[in-house]
Amino acid sequence: MKKQTSGNEFGYNRLDLLSEEIILSILDCLNENPFDRKSFSLVCKSFYAIESWHRKSLKPLRSEHLTKILSRYPNVTHLDLSLCPRITDTSLSLMSRSKMLRSIDLSRSKFFTHVGLSNLVTNCSNLVDIDLSNATELRDLAAAAIAEARNLEKLWLGRCKSITDIGIGCIAVGCRKLRLISLKWCLSVGDLGVGLLAVKCKEIRSLDLSYLPITTKCLPSILNLEHLEDLVLEGCLGIDDDSLAVLKQGCKSLEMLDMSNCLNVSHVGLSSLTTDNGHLQQLIFAYGSPVTPAFAESLHKLSTLQSIKLDGCTVTPLGLKAIGNWCASLREISLSKCLGLTDDGLSSLVTKQRDLRKLDITCCRKITHVSIAHITNSCMSLVSLRMESCSRVSKEAFVLIGQRCHFLEELDLTDNEIDDEGLKSISRCSKLSSLKLGICLNITDKGLAHIGMCCSKLAELDLYRSAGIADPGILSIAHGCPGLEMINIAYCKDITDSSFISLSKCSKLNTLESRGCPLVTSLGLAAIAVGCKQLNKLDIKKCYNINDSGMIPLAHFSQNLRQINLSYTSVTDVGLLSLASISCLQNMTILHLKGLTPRGLVAALLACGGLTKVKLQASFKSLLAPPLCEHLEARGCAFQWREKMFQEELDPKCWKLQLEQ
Amino acid sequence: MDERLCADTWTESSSPANELPKKVPPDHQPFTNFNLQQYQQKWEEDSSIQDYAMSIEPQFPEFNLPCETPSSVACNPSNQTKNEPLDASRIQDWDPRAMLNNLSFLEQKIHQLEDLVHLIVGRRTQVATRSDELVAQQQQLITADLTSIIVQLISTAGSLLPSLTQTLSSNGTPSISQLGQLSGVVFPSGPNLNGSVFPQNSKVSDQSNHVDLTGNCKTEQNCIEDELKYEDDADEGEHLSPGSYEILQLEKEEILAPHTHFCMICGKGFKRDANLRMHMRGHGDEYKTPAALAKPNKETNSEPMLIKRYSCPFTGCKRNKDHKKFQPLKTILCVKNHYKRTHCDKSYTCSRCNTKKFSVIADLKTHEKHCGRDKWLCSCGTTFSRKDKLFGHIALFQGHTPAIPLDEAKGSAAGSSDRGENSEETNKVELNLGTNFSCGSGVQNGNDAKGGVDDPPSFFSPLTFDTCNLGGFHEFPRPLFDDSETSFSFLISGSCSYPQKTREESCSDKT
């Protein structure tokens, strides 16, 4: 009170001393937590005004509030509507009033038509990016409406199945400045549309044509694009070696080429797409033809290649050896699920590639510790190593990883034989930010404690079904890794509330998966809710002891929660209804809730305005009134009805045995 | 089928050509051409006679018909067998009786001609001033008769001297230009006449067979379609050196004349020579003989002769002989179509789309076959029957955009409107719910909500029903209209499919 009067005596507000620039630069730094800006704007009227003026990017929760939001933030340039499932033409016409708009994301929205798009595009002449992925209802008229956006540079049309060549033709003629266009899964678009696009839009840098029914006919004009850098031809079955052979020249500017799943293309066709003195840096040839010495030879001319992905290919040791010899300095190799990958082949490859940063050998079940020894010997600067399910690698090999690869940031050891010794060694990788130890039955709290002590940068930890882990291990992680964002402790059945309480110190935690932790109660969940404000994904399926009293604090504190799985818990109508106050809740899985009545369910569903996906017991289907379902679906909510029987949990070890059978 | 039979009888009755002098001359294009040239060279200085020379020309548009005979003979093996002996007798065996017959006929003809000339001379003395046109007509008549006599002489002589024609052919071409007198021309031009049959024959091909068979305008269209091709051919591949062909030019009136065959007795005009021949039967018994009814036959001779090309009378046109980059037209039909397409009003409008106009009726009919089926539209209004053609067009022109087909536009517009209504309704419901569910903490509220939600079905179902009806109402008249149109088109296509069928049959006969 006294302060106030003193302030008034001076006749000015002390905050007035701060120049606008300073406040704006302070605002620039408030990006970590979405709530920070909110608090900032609530300080005083001038702060409110400055924040409204400063904000460039918006991600509204509900389309109903668009009018207010858009009038409050006049300078918004980026509008992300991925949380608004229902965007009608009316909402689009509201948005068209913000003339500064440069970028809009409608990839998760439905219910708008070409009329609204046309309105938006004609009024917002600054629009540069439009994401219309998943708009399966849109037809050529919508494409024609988009074509009016003369300044458009990036356009995503993934899964727009009803748009045909005609629509793409309109876009090609209208949007001459296009730099990026993604037509993935646009199954009605063929050679003619793509060809015209390449003829008309000379600025294209990035072109995604995955799974289109195109043939080689459209390729000459695509390869003529002067600036083309990224070309994705994944799953284009119409392209084959014979027709590729006709192409006179490849594309010189190309930096990334993805020809995964092109079953009819071998290295012969590949070489007619590339040129001798090009700039190709990344080649993705997953699930393609066998990797033989001939294939490696075709890579010979690609001297600038840095990354090669051959997932799912059949590889021969000689082929890998040849790749090792040809390609000067690869940074990234991906060989996951390669058939025929042996110690010989992999060793001969990695011994030549000493600069390797990323290596993926997921599910290469033939390799042993010999390979790991070679990898760790030669590739000292590895940043990422993914070796899920390399089941023949012995536990000693993991010690080598810790000893030699100190720069590792990402390590996937899911389903491996690693033990506490290995973990202790790996804890030397102090830069580790992502560690996956799922289904590692040999590790215990002792090993995990080393990680917790040394790997302070850990952001992601997966302990799925690593049954040896209990509270002490989690405690050390929670203490040692304050930056933890994601943790999976599913089916670590010994975990109790104390783990949850300790994890509540990790304020950045956004994903918590703790399925099948029967000892956890509402108390632990409440602690998490209070401590981890940024939690947006929570899975407490089969935490039988969590009930309504856990839901109430969750509803109160976790205002960022998007996705929740409540199946098999003891939550009832009351708990579910309280969750409805979480305004951004989108995704709910509610199976086998004993205390749930149809009436409570209806109330909760109606109250959660932002729901986009609800998984429900099929038995509820007949109990909900059809008009209600129609209404919810019209709001943008999709129902998934499940008829799963109630399942008793299995013993983790027995589960793995079952898996191996 | 009846028509075919009829045609067969015609071809069966074919005999040595040109027995009917009255009728033959207009059919014999090479000869009239020759005459024209003769006249041109002879009286080049005399402008009045130049006019006269031009006025002869209406006769040679008819040339394209004589060639029908050889082709039809080739097409119908049955005919061929019957014709062969005749041909053989004409070429190899000399029949003195036939010769005598011919000579007496010639004599008679010459007398007729004499009488005519006398008549003209008499009239000329009576009336000093007369219109050029009348003069031209008379001269035309005389020329026609003269030509027929000459032709008759040639064919008679040709049957006598098969070996002579060979020797003559070698120096035939230069002699045309050298010889100034009609009498001198007769023999040397023989081989040329014979030789000219071939190119004509191949040009009009077997469709011309059809002209007789069906006798309706559909076949004309077929011919024109073919001519179109030839015109294209001329554009693409033909590189004739300037002197290697002779250029002929028809006048506008001749090109646009509806009839090309005129009865020499009553002056009635016909489009087809066959019809003229049928007409001639009414003028006396001498026209009823099988020989008179038969198509004028052509002697086959593979001798090369000076190629004829045509010039468009429109000055400044690329097809005009005075143009710097003159591109000649190959046939008379080309001339006709070219002139109508390029220099005439497009007076035929498509009754379906009411936008496309044509100056050649066959073009209209071709268009009508496809009109409405051209679903690929460009923003410039051009329609395409094939999608790739549309995209090629758009790739070529700046600013042209593919246009969304109307029906889709309509459909989705309707969809959007009813969707919009729907959305409004749901918005209302949401508003209700919003008021009911501020905190959502009680079961009672749930009941309220249910009560509120009970409304939507009443909103939803009638609405959808309505839109259904609306859609139906909108759609209904169109299909009806379409149906009537299609039935109409069916009639047309039915009428035109018949000749096509017969053509196929004749083709299959040929093979």
# chains A, B, ... in the order shown; residues from 1 in each chain; ligands from 1
>>> interface_residues(of="chain A", to="chain B", cutoff="7 Å", atoms="only C-alpha atoms", output="ChimeraX atom specification")
/A:113,140-141,166,169-170,173,192,196,199,577-578,599-600,602-603,607,627-628,631
>>> residues_around(residues="Ser210 in chain A", least_positions_apart="6", cutoff="9 Å", atoms="only C-alpha atoms", output="JSON, numbers by chain")
{"A": [182, 183, 184, 185, 186, 232, 233, 234, 235, 236, 258, 259]}
>>> closest_residue(among="B:His259, B:Arg277, B:Arg319, B:Lys356", to="Val335 in chain B", atoms="only C-alpha atoms")
B:Arg319
>>> select_by_dssp(residues="range 344-391 of chain A", states="strand (DSSP E)", output="PyMOL selection string")
chain A and resi 358-360+384-386
>>> atom_distance(atom1="CA of Ala478 in chain A", atom2="CA of Ile451 in chain A")
10.8 Å
